[in-house]
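Note sheet for the following structure.
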Amino acid sequence: INSSPWFFNTMPNAIYQTAVRALEPQGVYWRGIGFMGVGAGCMLLLTWLRQRFLWWPLHPIGFPIMTSWLVDWMWFSIFFAWLIKIVILKYGGASLFARSRSFFLGIIVGRMLITGAWLVVDYFTGKVGNAIFWI
């Protein structure tokens with residue numbers, strides 16, 4: 001009922017058109033393969049550092065997702081969650097961290113339940129076009 005045309009029409013068409021253009025034979029793209037190799041080397045290094053040094057603060061998954069628009073949109077929430085985790089672990093220890101996980105998972109589940117409730121309300125009222133994804 002709240003199917004956004006962007007998710008079900010515009011974005012899939014853009015992906016299809018990009019794939020069609022990319023399928024035209026043009027030879028090996030050596031520059032792209034080189035950048036892929038550099039990226040793979042960076043990921044290997046970050047993963048190795050994370051596995052070898054307990055104090056290493058950077059998680060390797062941050063490297064491939066750092067250029068995503070979703071990270072641009074959510075970076076402060078991610079940083080704030082990390083900060084809360086650090087504070088809980090530093091001052092409350094592992095036991096408080098384990099006990100607090102239920103609370104924070106409850107916040108996430110609560111948000112999803114509210115989103116679902118609004119979808120039900122929209123269905124019964126006939127309202128369409130609400131951008132549930134960005135709430």
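Here, A, B, ... name the chains of the structure tokens in the order displayed, residue numbers run from 1 inside each chain, and ligands are numbered from 1 in the same displayed order.
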As a ChimeraX atom specification, please: every residue in stretch 16-85 of chain A that DSSP puts in alpha helix (DSSP H).
/A:16-22,30-52,62-65,69-85
Which residues come within 9 Å of stretch 64-78 of chain A, counting only C-alpha atoms, excluding same-chain residues fewer than 5 positions away, as a ChimeraX atom specification?
/A:39,43,83
Could you write those residues out with C-alpha atoms, as a PDB file, in the first residue's frame?
ATOM      1  CA  GLY A  39      40.644  -1.921  -2.027  1.00  0.00           C
ATOM      2  CA  MET A  43      40.489  -4.621   3.550  1.00  0.00           C
ATOM      3  CA  LEU A  83      29.832   5.928  22.207  1.00  0.00           C
TER       4      LEU A  83
END
Ranking A:Gly92, A:Gly62, A:Gly41, A:Gly110 by minimum distance to A:Phe79 and counting only C-alpha atoms, which one comes first?
A:Gly62
Separation of atom CA of A:Val128 from atom CA of A:Thr10, in Å and rounded to one decimal:
17.8 Å
